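J.: I have a structure I would like to understand better, so I am pasting it below and will then ask my questions one at a time.
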Amino acid sequence: MHNVRLHLPFSPLALCYGAAGILLVVYIGLISVVMGYATLTVEFSQSVKDDGAAIALLEGEYLASVARITGTDYVVEGYAKPLSILFVRSESSTALR
Amino acid sequence: MRAQFRSRIRLVLAFIILAALGIFVRLYFVQIVHGDDYSQKADRQFSSGGSGLFDRGTIYFTRKDGTLISAATLSTGFLVAINPQILNDPEVAYAALEAIAPDQISHEAFLAAATKKTRVYIEVLHRLSEAEGQLLASKNIPGIQVLRERWRYYPGGSLASQSIGIVSFGSGDTLAGQTGLEATYDDTLMRSGDSLYKNFFAELFSNVGNLLVAAKDAREGDVVTTIEPEVQTRLQNDLMKITQRYSSKESGGIIMDPSTGAIVAIASNPSYDANNLQSVDPTLLGSPLIESVHEFGSIMKPLTMASALDAGAVTPQTTYDDTGCITVDTKKICNWDLKPRGVIPMEQIILQSLNVGASWVATQLGQDKFREYFTKLFGQRTGIDLPNEGRALLGNLATTQQINFDNMSFGQGIAVTPLQMIRALSTIANGGVMVEPHLTSAIRLNSGIERSIDWGETTPVFSATTARETTMMMTAVVDEKLQGGNARIPTMSVAAKTGTAQLTDGQGGYYATGRYFHSFVGFFPSYNPRFIILLYTNDPKGVTYASDTLSPTFLDLVHFLIDYYAVPPDRGVATTTPA
């Protein structure tokens, strides 16, 4: 019985070194990708919050406008109260719209 | 030799695998099992809040067209901190701060902070705008740090502030909802504090955890309320006018959909600006409409009448002899004007607000039935999604003296919250069922799903026929009595009832004269109502009856709502009336 010996054209040790080198590069690459992704996520998250805050300011202006209009005294502003009020017919399509 | 090499390799491999497994298990325990403990420990070791900016969900108003407007959200800007150990020239630093944000920190306070050389981080200025923060940061002053900051912002300021609530530190070291919807939905609005500096393994494990139970996405979200901002503004404006005009202690109001219990507007005056809490009276932070009980007076009469009609004790055609005053258990009960009406039908009791008539109806109903109906109406909390709901004072229901039942029949000797009152009166408006009053319609989860909240539980109290008969009596109040009949809207049926109750003197009795609690309830269109409105004003000066204080406000709100929601007419023909 003969021992079968595998003859490789390269040294297994060199293969291990090569594999370890590739893994190291991949690992470093993975870390940089994860960190880059985290940075982008943080920046995006902050920009979303900033936009939300800007919208909130606009909403504040809108609600302040509503309050100002509601609080307007039309008589003080120079308008006169109507002499009479006309109530529309119940079958009016305008009123039902 | 080769076999020996292989066994060594296997040994090394096994060692590496074991070591990797050990690290893996250790990471699991550090990041997941004890993650919160380590996080809190880290927070305690750093003076700056580096673990993350304040984050919290949004509370929305809902406009009539479904547009969402923020009621409570976040604002972003910058805070300024100093490191006294590096700050060499405090005067120069202060001058730079004053140039950018004048009068926001005193010279003395800044210098006092700068002299604390044992400290490395002292916050001296908050809530700088984006532009101010960027400008200060660009100056690169040694010892001055410009850091991002977020805070709770209420775009409406005082708009529905007592219902929306506030956040504060309370007893813990994190900002949490303390009152209103902020407290009720704190678990939904609170964010779990995702750190900006994420750990890959922690993310891996936490995401696996989320896949398994999805607890965070199912819990965190935004709250959508039923409050309509323009209606709310109108109600608050009207209440402020009442309080100012009559120097009332307090005025309040609720506008609700009687068929669903959705509250469109709820307010009391005085209130507070949620963006400026420094000088707020703490007693104003709660909602008196939910927490305080009052004796409402004659707006209780429709409920007495409905109970008697429903029990079959009386019919709308039943008559009685009104003598103006009666004596019950040695106590005298009189009509508001002390005058007798003679033999009159039931409708007149509501139309003329007759105490003697209400007492007579209560006697016909009997104590057991009266107790049964009023326990159904006021015996349980409403279940509103606001904290600290008050309990109705129903002690007189447990007695057997007829005088107590007679008093309760016209709203004295029974104290309930405004919310409990409008809920009970909604039974007349909606065909006889008790609905669940509520302020929120949905939760918008972070996962993108909008989860509607089911408020559909109803409790039948009166028959539809009873509700309709009582509604007819209340409609006659507006058509014939209110403002001498001038309040009648030719194209819209409106049902209403006024109430004027004597105020208690705190000594177990009532003030003899001059101090009253005014209330007003109404709904429209009478027979298929879109809105029910409850108003009250506490201790108004220089006026006796609610018909004087609250009628104009009620009618203003009715006309506003008809216009704003384009409520179609339910009766009548074209008519011109005096303005």
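Convention: chains lettered A, B, ... in structure tokens order; per-chain residue numbering from 1; ligands numbered from 1 as shown.
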Can you check which residues of chain A have any atom within 8 Å of chain B? Use only C-alpha atoms and format it as number ranges by chain.
T.: A: 34, 38, 42, 49-50, 52-54, 56-57, 59-61, 63-64, 66-67, 70-71, 81-90, 95-97
J.: Could you write those residues out with C-alpha atoms, as a PDB file, in the first residue's frame?
T.:
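Writing done, so here's out-v2.pdb:
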```
ATOM      1  CA  VAL A  34     -20.002  50.215   9.030  1.00  0.00           C
ATOM      2  CA  ALA A  38     -23.204  54.999  10.920  1.00  0.00           C
ATOM      3  CA  VAL A  42     -26.457  60.051  12.120  1.00  0.00           C
ATOM      4  CA  LYS A  49     -34.933  66.298  12.928  1.00  0.00           C
ATOM      5  CA  ASP A  50     -33.786  69.723  11.694  1.00  0.00           C
ATOM      6  CA  GLY A  52     -39.014  68.556  11.474  1.00  0.00           C
ATOM      7  CA  ALA A  53     -38.077  71.495  13.684  1.00  0.00           C
ATOM      8  CA  ALA A  54     -38.315  73.893  10.736  1.00  0.00           C
ATOM      9  CA  ALA A  56     -42.769  72.935  13.590  1.00  0.00           C
ATOM     10  CA  LEU A  57     -41.837  76.626  13.385  1.00  0.00           C
ATOM     11  CA  GLU A  59     -46.864  75.211  12.119  1.00  0.00           C
ATOM     12  CA  GLY A  60     -46.392  77.611  15.012  1.00  0.00           C
ATOM     13  CA  GLU A  61     -46.745  80.554  12.624  1.00  0.00           C
ATOM     14  CA  LEU A  63     -51.496  78.477  14.526  1.00  0.00           C
ATOM     15  CA  ALA A  64     -50.527  82.018  15.565  1.00  0.00           C
ATOM     16  CA  VAL A  66     -55.372  81.337  13.212  1.00  0.00           C
ATOM     17  CA  ALA A  67     -55.362  82.809  16.722  1.00  0.00           C
ATOM     18  CA  THR A  70     -59.997  84.462  15.458  1.00  0.00           C
ATOM     19  CA  GLY A  71     -59.223  87.252  17.894  1.00  0.00           C
ATOM     20  CA  LYS A  81     -72.405  94.453  11.756  1.00  0.00           C
ATOM     21  CA  PRO A  82     -74.848  93.185   9.108  1.00  0.00           C
ATOM     22  CA  LEU A  83     -78.319  94.662   9.327  1.00  0.00           C
ATOM     23  CA  SER A  84     -79.900  91.291   8.635  1.00  0.00           C
ATOM     24  CA  ILE A  85     -78.869  87.695   8.047  1.00  0.00           C
ATOM     25  CA  LEU A  86     -80.295  85.638   5.190  1.00  0.00           C
ATOM     26  CA  PHE A  87     -80.618  81.927   5.871  1.00  0.00           C
ATOM     27  CA  VAL A  88     -80.517  79.830   2.709  1.00  0.00           C
ATOM     28  CA  ARG A  89     -83.144  77.266   1.757  1.00  0.00           C
ATOM     29  CA  SER A  90     -82.573  73.758   3.038  1.00  0.00           C
ATOM     30  CA  ALA A  95     -75.423  74.878   1.300  1.00  0.00           C
ATOM     31  CA  LEU A  96     -75.366  71.116   0.904  1.00  0.00           C
ATOM     32  CA  ARG A  97     -72.033  71.106  -0.828  1.00  0.00           C
TER      33      ARG A  97
END
```
J.: Could you pull out the alpha helix (DSSP H) residues of stretch 8-91 of chain A from DSSP and send them as a ChimeraX atom specification?
T.: /A:12-70
J.: Write out, as a PDB file, in the first residue's frame, the residues just selected, with C-alpha atoms.
T.:
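The file below, out-v3.pdb, is the result:
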```pdb
ATOM      1  CA  PRO A  12       0.116  25.781   2.307  1.00  0.00           C
ATOM      2  CA  LEU A  13       1.741  28.264   4.623  1.00  0.00           C
ATOM      3  CA  ALA A  14       1.760  30.861   1.834  1.00  0.00           C
ATOM      4  CA  LEU A  15      -1.938  30.116   1.238  1.00  0.00           C
ATOM      5  CA  CYS A  16      -2.690  30.745   4.913  1.00  0.00           C
ATOM      6  CA  TYR A  17      -0.748  34.002   4.859  1.00  0.00           C
ATOM      7  CA  GLY A  18      -2.645  35.081   1.759  1.00  0.00           C
ATOM      8  CA  ALA A  19      -6.011  34.155   3.253  1.00  0.00           C
ATOM      9  CA  ALA A  20      -5.174  35.948   6.478  1.00  0.00           C
ATOM     10  CA  GLY A  21      -4.169  39.037   4.512  1.00  0.00           C
ATOM     11  CA  ILE A  22      -7.386  39.005   2.522  1.00  0.00           C
ATOM     12  CA  LEU A  23      -9.464  38.559   5.686  1.00  0.00           C
ATOM     13  CA  LEU A  24      -7.634  41.443   7.330  1.00  0.00           C
ATOM     14  CA  VAL A  25      -8.338  43.718   4.376  1.00  0.00           C
ATOM     15  CA  VAL A  26     -11.992  42.616   4.312  1.00  0.00           C
ATOM     16  CA  TYR A  27     -12.287  43.177   8.053  1.00  0.00           C
ATOM     17  CA  ILE A  28     -10.826  46.666   7.843  1.00  0.00           C
ATOM     18  CA  GLY A  29     -13.066  47.387   4.868  1.00  0.00           C
ATOM     19  CA  LEU A  30     -16.096  46.130   6.758  1.00  0.00           C
ATOM     20  CA  ILE A  31     -15.288  48.357   9.726  1.00  0.00           C
ATOM     21  CA  SER A  32     -14.878  51.398   7.489  1.00  0.00           C
ATOM     22  CA  VAL A  33     -18.169  50.628   5.712  1.00  0.00           C
ATOM     23  CA  VAL A  34     -20.002  50.215   9.030  1.00  0.00           C
ATOM     24  CA  MET A  35     -18.522  53.431  10.389  1.00  0.00           C
ATOM     25  CA  GLY A  36     -19.293  55.292   7.196  1.00  0.00           C
ATOM     26  CA  TYR A  37     -22.842  53.966   7.280  1.00  0.00           C
ATOM     27  CA  ALA A  38     -23.204  54.999  10.920  1.00  0.00           C
ATOM     28  CA  THR A  39     -21.969  58.500  10.116  1.00  0.00           C
ATOM     29  CA  LEU A  40     -24.403  58.852   7.244  1.00  0.00           C
ATOM     30  CA  THR A  41     -27.229  57.532   9.409  1.00  0.00           C
ATOM     31  CA  VAL A  42     -26.457  60.051  12.120  1.00  0.00           C
ATOM     32  CA  GLU A  43     -26.256  62.923   9.636  1.00  0.00           C
ATOM     33  CA  PHE A  44     -29.475  61.860   7.941  1.00  0.00           C
ATOM     34  CA  SER A  45     -31.238  61.435  11.262  1.00  0.00           C
ATOM     35  CA  GLN A  46     -30.113  64.913  12.343  1.00  0.00           C
ATOM     36  CA  SER A  47     -31.203  66.485   9.069  1.00  0.00           C
ATOM     37  CA  VAL A  48     -34.630  64.865   9.423  1.00  0.00           C
ATOM     38  CA  LYS A  49     -34.933  66.298  12.928  1.00  0.00           C
ATOM     39  CA  ASP A  50     -33.786  69.723  11.694  1.00  0.00           C
ATOM     40  CA  ASP A  51     -36.406  69.643   8.937  1.00  0.00           C
ATOM     41  CA  GLY A  52     -39.014  68.556  11.474  1.00  0.00           C
ATOM     42  CA  ALA A  53     -38.077  71.495  13.684  1.00  0.00           C
ATOM     43  CA  ALA A  54     -38.315  73.893  10.736  1.00  0.00           C
ATOM     44  CA  ILE A  55     -41.792  72.526   9.924  1.00  0.00           C
ATOM     45  CA  ALA A  56     -42.769  72.935  13.590  1.00  0.00           C
ATOM     46  CA  LEU A  57     -41.837  76.626  13.385  1.00  0.00           C
ATOM     47  CA  LEU A  58     -44.047  77.011  10.311  1.00  0.00           C
ATOM     48  CA  GLU A  59     -46.864  75.211  12.119  1.00  0.00           C
ATOM     49  CA  GLY A  60     -46.392  77.611  15.012  1.00  0.00           C
ATOM     50  CA  GLU A  61     -46.745  80.554  12.624  1.00  0.00           C
ATOM     51  CA  TYR A  62     -49.882  79.001  11.120  1.00  0.00           C
ATOM     52  CA  LEU A  63     -51.496  78.477  14.526  1.00  0.00           C
ATOM     53  CA  ALA A  64     -50.527  82.018  15.565  1.00  0.00           C
ATOM     54  CA  SER A  65     -52.225  83.307  12.401  1.00  0.00           C
ATOM     55  CA  VAL A  66     -55.372  81.337  13.212  1.00  0.00           C
ATOM     56  CA  ALA A  67     -55.362  82.809  16.722  1.00  0.00           C
ATOM     57  CA  ARG A  68     -54.833  86.334  15.370  1.00  0.00           C
ATOM     58  CA  ILE A  69     -57.676  86.018  12.852  1.00  0.00           C
ATOM     59  CA  THR A  70     -59.997  84.462  15.458  1.00  0.00           C
TER      60      THR A  70
END
```
J.: Residues of stretch 3-95 of chain A classed as strand (DSSP E) by DSSP on the backbone are to be reported as a list in words.
T.: Ser84, Ile85, Leu86 and Phe87 of chain A
J.: Which neighbours of stretch 322-337 of chain B fall inside 10 Å, counting only C-alpha atoms, when residues of the same chain fewer than 2 positions from it are skipped, and could you give them as a list of chain:residue names?
T.: B:Thr319, B:Tyr320, B:Lys339, B:Pro340, B:Arg341, B:Gly342, B:Val343, B:Ile344, B:Pro345, B:Ile349, B:Gln352, B:Ser353, B:Leu354, B:Asn355, B:Val356, B:Gly357, B:Ala358, B:Ser359, B:Trp360, B:Gln401, B:Gln402, B:Ile403, B:Asn404, B:Asp406, B:Asn407, B:Thr500, B:Tyr545
J.: Compile the contact shell of B:Thr470 as a PyMOL selection string: residues with an atom at most 12 Å away, counting only C-alpha atoms, same-chain residues fewer than 2 positions apart removed.
T.: chain B and resi 301-310+314-316+346-351+425-432+462-468+472-477+495-497+526-527
J.: Would you write out those residues with N, CA and C atoms, as a short mmCIF file (atom, residue, chain, number, x, y, z; two decimals), in the first residue's frame?
T.:
```
data_model
loop_
_atom_site.label_atom_id
_atom_site.label_comp_id
_atom_site.auth_asym_id
_atom_site.auth_seq_id
_atom_site.Cartn_x
_atom_site.Cartn_y
_atom_site.Cartn_z
N LYS B 301 -81.89 68.88 34.32
CA LYS B 301 -83.32 68.60 34.16
C LYS B 301 -83.64 67.71 32.97
N PRO B 302 -82.99 67.90 31.81
CA PRO B 302 -83.29 66.99 30.70
C PRO B 302 -83.00 65.53 31.03
N LEU B 303 -81.99 65.29 31.88
CA LEU B 303 -81.68 63.91 32.25
C LEU B 303 -82.74 63.36 33.20
N THR B 304 -83.23 64.21 34.10
CA THR B 304 -84.33 63.79 34.98
C THR B 304 -85.57 63.46 34.14
N MET B 305 -85.85 64.35 33.18
CA MET B 305 -87.02 64.14 32.32
C MET B 305 -86.86 62.86 31.49
N ALA B 306 -85.68 62.66 30.90
CA ALA B 306 -85.46 61.48 30.07
C ALA B 306 -85.60 60.20 30.89
N SER B 307 -85.11 60.24 32.13
CA SER B 307 -85.22 59.06 33.00
C SER B 307 -86.69 58.72 33.25
N ALA B 308 -87.48 59.76 33.54
CA ALA B 308 -88.90 59.54 33.83
C ALA B 308 -89.66 59.07 32.59
N LEU B 309 -89.33 59.66 31.44
CA LEU B 309 -89.98 59.22 30.18
C LEU B 309 -89.60 57.78 29.87
N ASP B 310 -88.33 57.44 30.05
CA ASP B 310 -87.86 56.11 29.72
C ASP B 310 -88.47 55.06 30.64
N VAL B 314 -93.78 59.19 33.30
CA VAL B 314 -94.53 60.30 32.69
C VAL B 314 -94.49 60.14 31.17
N THR B 315 -95.35 60.88 30.50
CA THR B 315 -95.29 60.99 29.04
C THR B 315 -95.19 62.49 28.71
N PRO B 316 -94.88 62.85 27.48
CA PRO B 316 -94.81 64.29 27.16
C PRO B 316 -96.14 64.99 27.39
N MET B 346 -95.40 68.46 30.51
CA MET B 346 -93.99 68.21 30.83
C MET B 346 -93.03 69.14 30.08
N GLU B 347 -93.33 69.43 28.82
CA GLU B 347 -92.42 70.25 28.01
C GLU B 347 -92.09 71.57 28.68
N GLN B 348 -93.09 72.11 29.41
CA GLN B 348 -92.90 73.42 30.05
C GLN B 348 -91.85 73.39 31.16
N ILE B 349 -91.65 72.19 31.74
CA ILE B 349 -90.63 72.08 32.80
C ILE B 349 -89.25 72.39 32.22
N ILE B 350 -88.98 71.88 31.01
CA ILE B 350 -87.69 72.14 30.36
C ILE B 350 -87.68 73.55 29.78
N LEU B 351 -88.81 73.90 29.15
CA LEU B 351 -88.89 75.19 28.46
C LEU B 351 -88.73 76.36 29.43
N LEU B 425 -75.26 63.92 28.89
CA LEU B 425 -76.21 64.65 28.04
C LEU B 425 -76.14 64.17 26.59
N SER B 426 -75.03 63.58 26.19
CA SER B 426 -74.92 63.03 24.84
C SER B 426 -75.92 61.90 24.62
N THR B 427 -76.34 61.27 25.70
CA THR B 427 -77.31 60.18 25.54
C THR B 427 -78.61 60.69 24.94
N ILE B 428 -78.95 61.94 25.25
CA ILE B 428 -80.17 62.53 24.67
C ILE B 428 -79.93 62.86 23.19
N ALA B 429 -78.71 63.30 22.89
CA ALA B 429 -78.40 63.71 21.51
C ALA B 429 -78.25 62.52 20.56
N ASN B 430 -77.74 61.40 21.06
CA ASN B 430 -77.37 60.31 20.14
C ASN B 430 -78.31 59.13 20.14
N GLY B 431 -79.48 59.29 20.73
CA GLY B 431 -80.45 58.19 20.69
C GLY B 431 -80.41 57.30 21.91
N GLY B 432 -79.69 57.70 22.96
CA GLY B 432 -79.83 57.00 24.23
C GLY B 432 -78.66 56.18 24.72
N PHE B 462 -81.09 55.13 27.58
CA PHE B 462 -82.46 55.51 27.25
C PHE B 462 -82.86 54.90 25.90
N SER B 463 -84.16 54.79 25.69
CA SER B 463 -84.63 54.34 24.37
C SER B 463 -84.52 55.51 23.39
N ALA B 464 -84.50 55.18 22.10
CA ALA B 464 -84.41 56.23 21.08
C ALA B 464 -85.62 57.15 21.15
N THR B 465 -86.80 56.58 21.48
CA THR B 465 -88.02 57.39 21.58
C THR B 465 -87.89 58.42 22.72
N THR B 466 -87.37 57.95 23.84
CA THR B 466 -87.17 58.86 24.99
C THR B 466 -86.23 60.00 24.60
N ALA B 467 -85.12 59.63 23.94
CA ALA B 467 -84.14 60.65 23.55
C ALA B 467 -84.78 61.67 22.62
N ARG B 468 -85.60 61.19 21.70
CA ARG B 468 -86.23 62.11 20.74
C ARG B 468 -87.23 63.03 21.43
N MET B 472 -86.98 67.11 21.61
CA MET B 472 -88.02 68.05 21.16
C MET B 472 -88.22 69.16 22.19
N MET B 473 -88.20 68.77 23.46
CA MET B 473 -88.38 69.78 24.53
C MET B 473 -87.20 70.75 24.54
N MET B 474 -86.00 70.23 24.33
CA MET B 474 -84.81 71.10 24.35
C MET B 474 -84.74 71.98 23.10
N THR B 475 -85.26 71.49 21.99
CA THR B 475 -85.28 72.29 20.76
C THR B 475 -86.23 73.48 20.93
N ALA B 476 -87.31 73.23 21.65
CA ALA B 476 -88.26 74.33 21.90
C ALA B 476 -87.62 75.44 22.71
N VAL B 477 -86.65 75.10 23.54
CA VAL B 477 -85.95 76.12 24.35
C VAL B 477 -85.30 77.15 23.43
N ALA B 495 -80.93 72.20 19.83
CA ALA B 495 -81.50 71.87 21.14
C ALA B 495 -80.56 72.41 22.21
N ALA B 496 -81.13 72.96 23.29
CA ALA B 496 -80.25 73.54 24.32
C ALA B 496 -80.95 73.59 25.67
N LYS B 497 -80.17 73.83 26.68
CA LYS B 497 -80.69 74.04 28.04
C LYS B 497 -79.67 74.84 28.84
N SER B 526 -80.70 69.06 15.76
CA SER B 526 -81.30 68.43 16.94
C SER B 526 -81.47 66.92 16.81
N TYR B 527 -81.91 66.47 15.61
CA TYR B 527 -82.31 65.07 15.52
C TYR B 527 -81.27 64.18 14.84
#
```
J.: By how many Å are atom CA of B:Pro525 and atom CA of B:Ser493 apart?
T.: 5.2 Å
